[in-house]
>>> print(open('work_19.pdb').read())   # PDB, C-alpha atoms, pLDDT in the B column
ATOM      1  CA  MET A 777      79.436  58.120  20.610  1.00 57.00           C
ATOM      2  CA  GLU A 778      76.519  59.280  22.749  1.00 61.00           C
ATOM      3  CA  VAL A 779      73.655  61.159  21.042  1.00 59.00           C
ATOM      4  CA  ASN A 780      71.367  63.100  23.363  1.00 62.00           C
ATOM      5  CA  HIS A 781      69.544  65.231  20.768  1.00 64.00           C
ATOM      6  CA  PRO A 782      68.770  64.710  17.051  1.00 63.00           C
ATOM      7  CA  ASN A 783      70.871  67.764  16.293  1.00 67.00           C
ATOM      8  CA  GLU A 784      73.942  65.799  17.344  1.00 72.00           C
ATOM      9  CA  LEU A 785      73.476  63.151  14.624  1.00 77.00           C
ATOM     10  CA  PRO A 786      76.254  63.155  12.012  1.00 86.00           C
ATOM     11  CA  LEU A 787      75.519  64.191   8.428  1.00 86.00           C
ATOM     12  CA  TRP A 788      75.853  60.679   7.014  1.00 90.00           C
ATOM     13  CA  ALA A 789      73.103  59.501   9.377  1.00 88.00           C
ATOM     14  CA  TRP A 790      70.754  62.217   8.131  1.00 87.00           C
ATOM     15  CA  ILE A 791      71.514  61.276   4.527  1.00 90.00           C
ATOM     16  CA  LEU A 792      70.914  57.607   5.305  1.00 91.00           C
ATOM     17  CA  ILE A 793      67.580  58.393   6.960  1.00 89.00           C
ATOM     18  CA  ALA A 794      66.530  60.559   3.974  1.00 91.00           C
ATOM     19  CA  VAL A 795      67.442  57.773   1.538  1.00 93.00           C
ATOM     20  CA  PHE A 796      65.506  55.226   3.614  1.00 91.00           C
ATOM     21  CA  LEU A 797      62.453  57.463   3.758  1.00 92.00           C
ATOM     22  CA  LEU A 798      62.523  58.311   0.051  1.00 94.00           C
ATOM     23  CA  SER A 799      62.888  54.642  -0.926  1.00 94.00           C
ATOM     24  CA  GLN A 800      60.142  53.538   1.412  1.00 94.00           C
ATOM     25  CA  GLY A 801      57.710  56.230   0.291  1.00 94.00           C
ATOM     26  CA  THR A 802      58.396  55.631  -3.385  1.00 95.00           C
ATOM     27  CA  LEU A 803      58.011  51.862  -3.075  1.00 95.00           C
ATOM     28  CA  LEU A 804      54.807  52.185  -1.071  1.00 95.00           C
ATOM     29  CA  PHE A 805      53.388  54.703  -3.550  1.00 95.00           C
ATOM     30  CA  ARG A 806      54.239  52.476  -6.494  1.00 94.00           C
ATOM     31  CA  HIS A 807      52.865  49.314  -4.919  1.00 94.00           C
ATOM     32  CA  ALA A 808      49.700  50.947  -3.619  1.00 94.00           C
ATOM     33  CA  ARG A 809      49.025  52.592  -6.959  1.00 92.00           C
ATOM     34  CA  ALA A 810      49.305  49.246  -8.742  1.00 91.00           C
ATOM     35  CA  ARG A 811      46.746  47.867  -6.274  1.00 89.00           C
ATOM     36  CA  GLY A 812      44.604  50.990  -6.281  1.00 86.00           C
ATOM     37  CA  SER A 813      44.663  51.353  -2.504  1.00 83.00           C
ATOM     38  CA  TRP A 814      45.272  54.965  -1.431  1.00 88.00           C
ATOM     39  CA  PRO A 815      48.719  55.445  -3.072  1.00 92.00           C
ATOM     40  CA  TRP A 816      49.169  59.075  -1.990  1.00 93.00           C
ATOM     41  CA  PHE A 817      48.348  58.314   1.641  1.00 89.00           C
ATOM     42  CA  TRP A 818      50.801  55.404   1.876  1.00 91.00           C
ATOM     43  CA  GLY A 819      53.449  57.169  -0.199  1.00 93.00           C
ATOM     44  CA  LEU A 820      53.350  60.373   1.834  1.00 92.00           C
ATOM     45  CA  TRP A 821      53.194  58.599   5.156  1.00 86.00           C
ATOM     46  CA  GLY A 822      56.090  56.376   4.048  1.00 91.00           C
ATOM     47  CA  LEU A 823      58.130  59.543   3.574  1.00 91.00           C
ATOM     48  CA  THR A 824      57.744  60.654   7.163  1.00 85.00           C
ATOM     49  CA  THR A 825      58.782  57.698   9.315  1.00 83.00           C
ATOM     50  CA  PHE A 826      60.374  54.248   9.162  1.00 80.00           C
ATOM     51  CA  PRO A 827      59.335  51.334   9.339  1.00 82.00           C
ATOM     52  CA  LEU A 828      55.797  51.726  10.716  1.00 83.00           C
ATOM     53  CA  PRO A 829      54.131  52.578   7.342  1.00 87.00           C
ATOM     54  CA  THR A 830      55.650  49.513   5.705  1.00 91.00           C
ATOM     55  CA  VAL A 831      54.580  47.245   8.559  1.00 87.00           C
ATOM     56  CA  LEU A 832      51.030  48.595   8.576  1.00 86.00           C
ATOM     57  CA  TYR A 833      50.827  48.504   4.783  1.00 91.00           C
ATOM     58  CA  LEU A 834      51.778  44.836   4.868  1.00 91.00           C
ATOM     59  CA  LEU A 835      49.271  44.154   7.644  1.00 86.00           C
ATOM     60  CA  LEU A 836      46.351  46.193   6.322  1.00 84.00           C
ATOM     61  CA  VAL A 837      46.703  45.939   2.529  1.00 88.00           C
ATOM     62  CA  VAL A 838      48.961  43.116   1.392  1.00 90.00           C
ATOM     63  CA  TYR A 839      48.040  40.446   3.947  1.00 88.00           C
ATOM     64  CA  PRO A 840      44.199  40.808   3.618  1.00 86.00           C
ATOM     65  CA  ASP A 841      44.541  40.843  -0.157  1.00 85.00           C
ATOM     66  CA  ARG A 842      46.540  37.614  -0.128  1.00 87.00           C
ATOM     67  CA  ARG A 843      44.114  35.978   2.288  1.00 87.00           C
ATOM     68  CA  ARG A 844      41.190  36.979   0.071  1.00 87.00           C
ATOM     69  CA  LYS A 845      42.929  35.499  -2.969  1.00 86.00           C
ATOM     70  CA  ARG A 846      43.693  32.276  -1.103  1.00 86.00           C
ATOM     71  CA  THR A 847      40.057  31.803  -0.049  1.00 84.00           C
ATOM     72  CA  ARG A 848      38.773  32.186  -3.647  1.00 74.00           C
TER      73      ARG A 848
ATOM     74  CA  MET B1030      15.531  49.512 -57.395  1.00 46.00           C
ATOM     75  CA  THR B1031      12.424  48.022 -55.823  1.00 48.00           C
ATOM     76  CA  GLU B1032      10.970  47.476 -59.275  1.00 50.00           C
ATOM     77  CA  GLU B1033      14.099  45.648 -60.334  1.00 49.00           C
ATOM     78  CA  ARG B1034      13.872  43.422 -57.305  1.00 49.00           C
ATOM     79  CA  GLY B1035      10.221  42.820 -58.104  1.00 49.00           C
ATOM     80  CA  LYS B1036      11.216  41.668 -61.551  1.00 50.00           C
ATOM     81  CA  MET B1037      13.932  39.505 -60.078  1.00 48.00           C
ATOM     82  CA  LYS B1038      11.408  37.923 -57.794  1.00 48.00           C
ATOM     83  CA  GLU B1039       9.265  36.913 -60.696  1.00 48.00           C
ATOM     84  CA  GLU B1040      12.219  35.553 -62.615  1.00 47.00           C
ATOM     85  CA  GLN B1041      14.081  33.815 -59.862  1.00 48.00           C
ATOM     86  CA  ARG B1042      13.161  30.542 -58.336  1.00 47.00           C
ATOM     87  CA  PRO B1043      12.755  30.441 -54.560  1.00 46.00           C
ATOM     88  CA  GLU B1044      15.895  28.325 -54.145  1.00 46.00           C
ATOM     89  CA  GLU B1045      18.101  30.940 -55.805  1.00 45.00           C
ATOM     90  CA  SER B1046      20.593  32.758 -53.698  1.00 45.00           C
ATOM     91  CA  LEU B1047      20.420  36.479 -53.020  1.00 46.00           C
ATOM     92  CA  SER B1048      23.470  38.735 -53.148  1.00 47.00           C
ATOM     93  CA  GLY B1049      26.029  36.153 -54.050  1.00 47.00           C
ATOM     94  CA  GLY B1050      24.701  33.202 -52.130  1.00 46.00           C
ATOM     95  CA  SER B1051      24.485  34.772 -48.675  1.00 49.00           C
ATOM     96  CA  VAL B1052      20.733  34.212 -48.301  1.00 49.00           C
ATOM     97  CA  GLN B1053      18.881  31.261 -49.650  1.00 51.00           C
ATOM     98  CA  VAL B1054      15.187  30.642 -49.931  1.00 48.00           C
ATOM     99  CA  SER B1055      14.477  27.293 -48.446  1.00 51.00           C
ATOM    100  CA  GLU B1056      10.717  27.269 -48.596  1.00 52.00           C
ATOM    101  CA  SER B1057       8.929  27.149 -51.849  1.00 56.00           C
ATOM    102  CA  GLY B1058       6.230  29.581 -52.743  1.00 61.00           C
ATOM    103  CA  PRO B1059       6.045  33.223 -53.720  1.00 67.00           C
ATOM    104  CA  ASP B1060       5.307  34.543 -50.187  1.00 78.00           C
ATOM    105  CA  SER B1061       8.582  33.470 -48.588  1.00 83.00           C
ATOM    106  CA  SER B1062      10.722  34.817 -51.421  1.00 86.00           C
ATOM    107  CA  ARG B1063       8.871  38.096 -51.322  1.00 89.00           C
ATOM    108  CA  VAL B1064       9.417  38.360 -47.577  1.00 90.00           C
ATOM    109  CA  LEU B1065      13.114  37.722 -48.034  1.00 92.00           C
ATOM    110  CA  LEU B1066      13.410  40.291 -50.779  1.00 91.00           C
ATOM    111  CA  ASP B1067      11.583  42.862 -48.676  1.00 93.00           C
ATOM    112  CA  LEU B1068      13.816  42.021 -45.744  1.00 93.00           C
ATOM    113  CA  LYS B1069      16.942  42.480 -47.827  1.00 93.00           C
ATOM    114  CA  ALA B1070      15.647  45.753 -49.252  1.00 92.00           C
ATOM    115  CA  GLY B1071      14.982  46.963 -45.703  1.00 92.00           C
ATOM    116  CA  LEU B1072      18.448  45.940 -44.583  1.00 91.00           C
ATOM    117  CA  ASP B1073      19.999  47.715 -47.558  1.00 89.00           C
ATOM    118  CA  LYS B1074      18.032  50.830 -46.689  1.00 89.00           C
ATOM    119  CA  LEU B1075      19.202  50.648 -43.072  1.00 86.00           C
ATOM    120  CA  ASP B1076      22.776  50.194 -44.288  1.00 83.00           C
ATOM    121  CA  MET B1077      22.458  53.297 -46.434  1.00 83.00           C
ATOM    122  CA  ILE B1078      21.088  55.387 -43.569  1.00 82.00           C
ATOM    123  CA  TYR B1079      23.161  54.138 -40.626  1.00 80.00           C
ATOM    124  CA  GLY B1080      26.093  52.533 -42.437  1.00 71.00           C
ATOM    125  CA  SER B1081      28.632  55.169 -41.465  1.00 67.00           C
ATOM    126  CA  GLU B1082      27.579  55.127 -37.799  1.00 70.00           C
ATOM    127  CA  ALA B1083      27.199  51.390 -37.313  1.00 67.00           C
ATOM    128  CA  SER B1084      30.355  50.253 -39.035  1.00 71.00           C
ATOM    129  CA  PRO B1085      33.485  49.980 -36.848  1.00 74.00           C
ATOM    130  CA  PRO B1086      36.289  52.444 -37.623  1.00 76.00           C
ATOM    131  CA  PRO B1087      39.080  51.224 -39.888  1.00 81.00           C
ATOM    132  CA  ALA B1088      42.109  49.489 -38.407  1.00 86.00           C
ATOM    133  CA  ASP B1089      44.484  52.412 -38.911  1.00 88.00           C
ATOM    134  CA  VAL B1090      42.100  54.823 -37.166  1.00 89.00           C
ATOM    135  CA  LEU B1091      41.753  52.374 -34.275  1.00 90.00           C
ATOM    136  CA  ALA B1092      45.535  51.967 -34.046  1.00 92.00           C
ATOM    137  CA  ARG B1093      45.965  55.754 -34.000  1.00 92.00           C
ATOM    138  CA  ARG B1094      43.352  56.077 -31.242  1.00 92.00           C
ATOM    139  CA  LEU B1095      45.030  53.355 -29.194  1.00 92.00           C
ATOM    140  CA  ALA B1096      48.440  54.981 -29.612  1.00 94.00           C
ATOM    141  CA  ALA B1097      47.012  58.350 -28.550  1.00 94.00           C
ATOM    142  CA  ALA B1098      45.327  56.834 -25.470  1.00 94.00           C
ATOM    143  CA  SER B1099      48.516  54.995 -24.520  1.00 94.00           C
ATOM    144  CA  GLY B1100      50.586  58.166 -24.943  1.00 94.00           C
ATOM    145  CA  GLN B1101      48.149  60.145 -22.809  1.00 94.00           C
ATOM    146  CA  SER B1102      48.228  57.491 -20.096  1.00 92.00           C
ATOM    147  CA  ARG B1103      52.037  57.461 -20.103  1.00 94.00           C
ATOM    148  CA  LEU B1104      52.133  61.259 -19.913  1.00 95.00           C
ATOM    149  CA  LYS B1105      49.681  61.247 -17.013  1.00 93.00           C
ATOM    150  CA  GLN B1106      51.767  58.621 -15.199  1.00 90.00           C
ATOM    151  CA  LYS B1107      54.949  60.622 -15.778  1.00 93.00           C
ATOM    152  CA  ARG B1108      53.299  63.801 -14.441  1.00 95.00           C
ATOM    153  CA  GLU B1109      52.080  61.931 -11.364  1.00 93.00           C
ATOM    154  CA  TRP B1110      55.589  60.605 -10.696  1.00 93.00           C
ATOM    155  CA  MET B1111      57.084  64.058 -11.115  1.00 95.00           C
ATOM    156  CA  LEU B1112      54.523  65.504  -8.731  1.00 96.00           C
ATOM    157  CA  PHE B1113      55.209  62.742  -6.239  1.00 95.00           C
ATOM    158  CA  GLY B1114      58.972  63.336  -6.536  1.00 94.00           C
ATOM    159  CA  THR B1115      58.579  67.042  -5.863  1.00 95.00           C
ATOM    160  CA  VAL B1116      56.164  66.500  -2.982  1.00 95.00           C
ATOM    161  CA  SER B1117      58.361  63.759  -1.535  1.00 94.00           C
ATOM    162  CA  LEU B1118      61.426  66.026  -1.446  1.00 93.00           C
ATOM    163  CA  ILE B1119      59.411  68.699   0.357  1.00 94.00           C
ATOM    164  CA  VAL B1120      57.879  66.198   2.798  1.00 91.00           C
ATOM    165  CA  VAL B1121      61.206  64.509   3.597  1.00 91.00           C
ATOM    166  CA  SER B1122      62.957  67.808   4.219  1.00 90.00           C
ATOM    167  CA  CYS B1123      60.046  69.059   6.343  1.00 88.00           C
ATOM    168  CA  SER B1124      59.818  65.850   8.362  1.00 83.00           C
ATOM    169  CA  LEU B1125      63.577  65.698   8.972  1.00 85.00           C
ATOM    170  CA  ALA B1126      63.625  69.353   9.930  1.00 86.00           C
ATOM    171  CA  GLY B1127      60.665  68.712  12.232  1.00 84.00           C
ATOM    172  CA  ALA B1128      62.310  65.685  13.808  1.00 82.00           C
ATOM    173  CA  MET B1129      65.466  67.720  14.362  1.00 82.00           C
ATOM    174  CA  SER B1130      63.977  70.926  15.724  1.00 85.00           C
ATOM    175  CA  ALA B1131      60.680  69.836  17.339  1.00 84.00           C
ATOM    176  CA  PRO B1132      60.673  66.104  18.102  1.00 83.00           C
ATOM    177  CA  VAL B1133      57.516  66.317  20.247  1.00 86.00           C
ATOM    178  CA  LEU B1134      55.524  67.910  17.417  1.00 85.00           C
ATOM    179  CA  TYR B1135      56.962  65.421  14.946  1.00 82.00           C
ATOM    180  CA  TRP B1136      55.967  62.383  17.002  1.00 82.00           C
ATOM    181  CA  GLY B1137      52.573  63.953  17.712  1.00 87.00           C
ATOM    182  CA  VAL B1138      51.899  64.245  13.976  1.00 82.00           C
ATOM    183  CA  GLN B1139      53.092  60.666  13.521  1.00 79.00           C
ATOM    184  CA  GLY B1140      50.626  59.488  16.160  1.00 83.00           C
ATOM    185  CA  LEU B1141      47.794  61.412  14.523  1.00 85.00           C
ATOM    186  CA  LEU B1142      48.646  59.943  11.118  1.00 76.00           C
ATOM    187  CA  LEU B1143      48.757  56.469  12.623  1.00 77.00           C
ATOM    188  CA  ALA B1144      45.337  56.959  14.225  1.00 83.00           C
ATOM    189  CA  ALA B1145      43.909  58.372  10.972  1.00 79.00           C
ATOM    190  CA  GLY B1146      45.280  55.450   8.972  1.00 71.00           C
ATOM    191  CA  PHE B1147      43.971  52.909  11.457  1.00 75.00           C
ATOM    192  CA  ILE B1148      40.484  54.475  11.600  1.00 83.00           C
ATOM    193  CA  GLY B1149      40.406  54.806   7.813  1.00 74.00           C
ATOM    194  CA  SER B1150      41.321  51.184   7.241  1.00 70.00           C
ATOM    195  CA  VAL B1151      38.799  49.986   9.842  1.00 78.00           C
ATOM    196  CA  VAL B1152      36.039  52.059   8.221  1.00 81.00           C
ATOM    197  CA  LYS B1153      37.076  50.835   4.782  1.00 70.00           C
ATOM    198  CA  ALA B1154      37.036  47.219   5.862  1.00 69.00           C
ATOM    199  CA  GLY B1155      33.594  47.709   7.424  1.00 71.00           C
ATOM    200  CA  GLY B1156      34.881  46.586  10.779  1.00 61.00           C
ATOM    201  CA  TRP B1157      32.885  49.251  12.616  1.00 56.00           C
ATOM    202  CA  ARG B1158      29.793  47.102  12.129  1.00 59.00           C
ATOM    203  CA  LYS B1159      31.370  44.331  14.178  1.00 58.00           C
ATOM    204  CA  TRP B1160      32.213  46.761  16.965  1.00 54.00           C
ATOM    205  CA  LYS B1161      28.629  48.032  17.238  1.00 53.00           C
TER     206      LYS B1161
END
>>> encode(input="work_19.pdb", output="C-alpha coordinates")
Amino acid sequence: MEVNHPNELPLWAWILIAVFLLSQGTLLFRHARARGSWPWFWGLWGLTTFPLPTVLYLLLVVYPDRRRKRTR
Amino acid sequence: MTEERGKMKEEQRPEESLSGGSVQVSESGPDSSRVLLDLKAGLDKLDMIYGSEASPPPADVLARRLAAASGQSRLKQKREWMLFGTVSLIVVSCSLAGAMSAPVLYWGVQGLLLAAGFIGSVVKAGGWRKWK
(Lines of atoms letter the chains of each structure in order from A and count residues from 1; the text may use other names and numbers.)
(Lines give C-alpha, C1' and ligand atoms only; values in the text may rest on other atoms or scores of the structure.)
Protein backbone atom coordinates (compact mmCIF):
# COMPACT_ATOMS: atom_id res chain seq x y z
CA MET A 1 0.00 0.00 0.00
CA GLU A 2 1.59 3.26 -1.12
CA VAL A 3 0.65 6.47 0.74
CA ASN A 4 1.48 9.71 -1.05
CA HIS A 5 -0.58 12.12 1.07
CA PRO A 6 -1.78 12.02 4.71
CA ASN A 7 -5.34 12.03 3.43
CA GLU A 8 -4.76 8.53 2.08
CA LEU A 9 -4.04 7.05 5.53
CA PRO A 10 -6.66 4.53 6.67
CA LEU A 11 -8.93 5.32 9.62
CA TRP A 12 -7.27 2.84 11.97
CA ALA A 13 -3.94 4.63 11.45
CA TRP A 14 -5.49 7.97 12.42
CA ILE A 15 -7.02 6.40 15.53
CA LEU A 16 -3.68 4.83 16.44
CA ILE A 17 -1.88 8.15 16.03
CA ALA A 18 -4.52 9.93 18.17
CA VAL A 19 -4.18 7.29 20.91
CA PHE A 20 -0.37 7.59 20.82
CA LEU A 21 -0.54 11.37 21.05
CA LEU A 22 -3.10 11.39 23.86
CA SER A 23 -1.11 8.85 25.89
CA GLN A 24 2.14 10.67 25.36
CA GLY A 25 0.72 14.07 26.27
CA THR A 26 -1.06 12.76 29.34
CA LEU A 27 2.00 10.90 30.60
CA LEU A 28 4.26 13.89 30.01
CA PHE A 29 1.80 16.22 31.74
CA ARG A 30 1.50 13.91 34.72
CA HIS A 31 5.23 13.34 35.07
CA ALA A 32 6.16 16.99 34.59
CA ARG A 33 3.55 18.11 37.08
CA ALA A 34 4.92 15.73 39.70
CA ARG A 35 8.36 17.26 39.10
CA GLY A 36 7.07 20.81 38.79
CA SER A 37 8.73 21.40 35.43
CA TRP A 38 6.39 23.14 32.96
CA PRO A 39 3.63 20.46 32.86
CA TRP A 40 1.35 22.34 30.44
CA PHE A 41 4.16 22.97 27.96
CA TRP A 42 5.27 19.32 27.88
CA GLY A 43 1.72 17.99 27.97
CA LEU A 44 0.49 20.17 25.12
CA TRP A 45 3.57 19.64 23.01
CA GLY A 46 3.29 15.88 23.65
CA LEU A 47 -0.18 16.04 22.11
CA THR A 48 1.05 17.40 18.81
CA THR A 49 3.84 15.08 17.67
CA PHE A 50 5.54 11.77 18.44
CA PRO A 51 8.21 10.93 19.76
CA LEU A 52 10.25 14.15 19.80
CA PRO A 53 8.64 15.61 22.99
CA THR A 54 9.33 12.42 24.92
CA VAL A 55 12.93 12.27 23.74
CA LEU A 56 13.58 15.92 24.59
CA TYR A 57 11.77 15.60 27.92
CA LEU A 58 14.04 12.70 28.82
CA LEU A 59 17.11 14.63 27.68
CA LEU A 60 16.28 18.02 29.18
CA VAL A 61 14.34 17.16 32.35
CA VAL A 62 14.77 13.57 33.48
CA TYR A 63 18.45 13.04 32.64
CA PRO A 64 19.76 16.30 34.26
CA ASP A 65 17.62 15.62 37.32
CA ARG A 66 19.07 12.13 37.71
CA ARG A 67 22.61 13.40 37.19
CA ARG A 68 22.06 16.09 39.83
CA LYS A 69 20.77 13.48 42.28
CA ARG A 70 23.73 11.20 41.58
CA THR A 71 26.27 13.96 42.25
CA ARG A 72 24.71 14.81 45.66
CA MET B 1 -5.13 37.56 93.84
CA THR B 2 -1.82 39.37 94.24
CA GLU B 3 -2.55 39.83 97.93
CA GLU B 4 -3.20 36.12 98.29
CA ARG B 5 0.09 35.35 96.62
CA GLY B 6 1.77 37.84 98.92
CA LYS B 7 0.37 35.98 101.88
CA MET B 8 1.47 32.70 100.38
CA LYS B 9 4.94 34.06 99.99
CA GLU B 10 5.15 34.87 103.64
CA GLU B 11 3.80 31.48 104.63
CA GLN B 12 5.64 29.28 102.22
CA ARG B 13 9.22 28.28 102.47
CA PRO B 14 11.43 28.97 99.46
CA GLU B 15 11.75 25.26 98.68
CA GLU B 16 8.00 24.83 98.28
CA SER B 17 6.64 24.12 94.88
CA LEU B 18 4.37 26.51 93.01
CA SER B 19 1.28 25.36 91.12
CA GLY B 20 1.52 21.70 91.85
CA GLY B 21 5.26 21.26 91.81
CA SER B 22 6.01 22.74 88.39
CA VAL B 23 8.31 25.47 89.71
CA GLN B 24 10.60 25.08 92.65
CA VAL B 25 12.58 27.66 94.53
CA SER B 26 16.10 26.44 94.77
CA GLU B 27 17.74 29.43 96.35
CA SER B 28 16.96 30.43 99.84
CA GLY B 29 15.96 33.92 100.74
CA PRO B 30 12.89 36.09 100.31
CA ASP B 31 14.10 37.85 97.12
CA SER B 32 14.22 34.77 94.89
CA SER B 33 10.81 33.52 95.98
CA ARG B 34 9.32 36.93 95.41
CA VAL B 35 10.82 37.07 91.93
CA LEU B 36 9.37 33.67 91.13
CA LEU B 37 5.95 34.63 92.41
CA ASP B 38 6.00 37.83 90.39
CA LEU B 39 7.12 35.88 87.35
CA LYS B 40 4.29 33.40 87.75
CA ALA B 41 1.76 36.19 88.26
CA GLY B 42 3.03 37.83 85.06
CA LEU B 43 2.77 34.57 83.16
CA ASP B 44 -0.76 34.03 84.44
CA LYS B 45 -1.67 37.53 83.32
CA LEU B 46 -0.20 36.89 79.87
CA ASP B 47 -2.12 33.61 79.69
CA MET B 48 -5.34 35.44 80.50
CA ILE B 49 -4.75 38.08 77.83
CA TYR B 50 -3.26 36.02 75.00
CA GLY B 51 -4.37 32.52 75.99
CA SER B 52 -6.93 32.13 73.23
CA GLU B 53 -4.52 33.36 70.54
CA ALA B 54 -1.39 31.54 71.64
CA SER B 55 -2.89 28.14 72.30
CA PRO B 56 -2.98 25.72 69.35
CA PRO B 57 -6.44 24.81 68.03
CA PRO B 58 -8.00 21.60 69.32
CA ALA B 59 -7.35 18.32 67.54
CA ASP B 60 -10.81 18.06 65.98
CA VAL B 61 -10.57 21.58 64.54
CA LEU B 62 -7.14 20.76 63.12
CA ALA B 63 -8.44 17.50 61.62
CA ARG B 64 -11.36 19.38 60.03
CA ARG B 65 -8.98 21.98 58.58
CA LEU B 66 -6.71 19.27 57.19
CA ALA B 67 -9.65 17.43 55.64
CA ALA B 68 -10.89 20.66 54.06
CA ALA B 69 -7.44 21.48 52.65
CA SER B 70 -7.06 17.95 51.29
CA GLY B 71 -10.52 18.09 49.69
CA GLN B 72 -9.74 21.44 48.10
CA SER B 73 -6.45 20.14 46.74
CA ARG B 74 -8.16 17.06 45.29
CA LEU B 75 -10.86 19.22 43.71
CA LYS B 76 -8.23 21.51 42.19
CA GLN B 77 -6.34 18.50 40.81
CA LYS B 78 -9.53 17.05 39.35
CA ARG B 79 -10.40 20.38 37.69
CA GLU B 80 -6.89 20.62 36.23
CA TRP B 81 -7.18 17.10 34.80
CA MET B 82 -10.58 17.86 33.32
CA LEU B 83 -9.23 21.04 31.75
CA PHE B 84 -6.25 19.15 30.39
CA GLY B 85 -8.54 16.44 28.98
CA THR B 86 -10.70 19.00 27.20
CA VAL B 87 -7.72 20.95 25.89
CA SER B 88 -5.98 17.74 24.82
CA LEU B 89 -8.97 16.61 22.73
CA ILE B 90 -9.06 20.00 21.00
CA VAL B 91 -5.29 20.04 20.44
CA VAL B 92 -5.16 16.47 19.10
CA SER B 93 -8.03 17.06 16.69
CA CYS B 94 -6.51 20.37 15.55
CA SER B 95 -3.04 18.91 15.10
CA LEU B 96 -4.32 15.86 13.19
CA ALA B 97 -6.49 18.07 11.03
CA GLY B 98 -3.49 20.33 10.45
CA ALA B 99 -1.23 17.42 9.58
CA MET B 100 -3.85 16.13 7.16
CA SER B 101 -4.79 19.36 5.40
CA ALA B 102 -1.67 21.55 5.70
CA PRO B 103 1.44 19.46 6.42
CA VAL B 104 3.83 22.37 5.73
CA LEU B 105 2.11 24.58 8.32
CA TYR B 106 1.98 21.69 10.77
CA TRP B 107 5.70 20.95 10.52
CA GLY B 108 6.47 24.67 10.64
CA VAL B 109 4.63 24.97 13.96
CA GLN B 110 6.45 21.87 15.20
CA GLY B 111 9.79 23.46 14.34
CA LEU B 112 8.83 26.67 16.11
CA LEU B 113 7.75 24.75 19.21
CA LEU B 114 11.00 22.80 19.16
CA ALA B 115 13.02 26.01 18.93
CA ALA B 116 10.96 27.62 21.73
CA GLY B 117 11.42 24.59 23.96
CA PHE B 118 15.15 24.44 23.29
CA ILE B 119 15.67 28.17 23.93
CA GLY B 120 13.50 28.00 27.05
CA SER B 121 15.42 25.08 28.51
CA VAL B 122 18.78 26.70 27.71
CA VAL B 123 17.69 29.95 29.39
CA LYS B 124 16.33 28.02 32.35
CA ALA B 125 19.52 26.06 32.77
CA GLY B 126 21.54 29.29 32.59
CA GLY B 127 23.51 27.97 29.66
CA TRP B 128 23.43 31.34 27.89
CA ARG B 129 26.14 32.52 30.28
CA LYS B 130 28.50 29.86 28.95
CA TRP B 131 27.80 30.92 25.37
CA LYS B 132 28.64 34.57 26.06
>>> interface_residues(input="work_19.pdb", of="chain B", to="chain A", cutoff="9 Å", atoms="only C-alpha atoms", output="PyMOL selection string")
chain B and resi 1113-1114+1116-1118+1120-1125+1128-1130+1132+1139+1142-1143+1146-1147+1150
>>> atom_distance(input="work_19.pdb", atom1="atom CA of Asp1089 of chain B", atom2="atom CA of Arg1103 of chain B")
20.9 Å
>>> atom_distance(input="work_19.pdb", atom1="atom CA of Thr830 of chain A", atom2="atom CA of Leu803 of chain A")
9.4 Å
>>> atom_distance(input="work_19.pdb", atom1="atom CA of Ser1061 of chain B", atom2="atom CA of Lys1074 of chain B")
19.9 Å
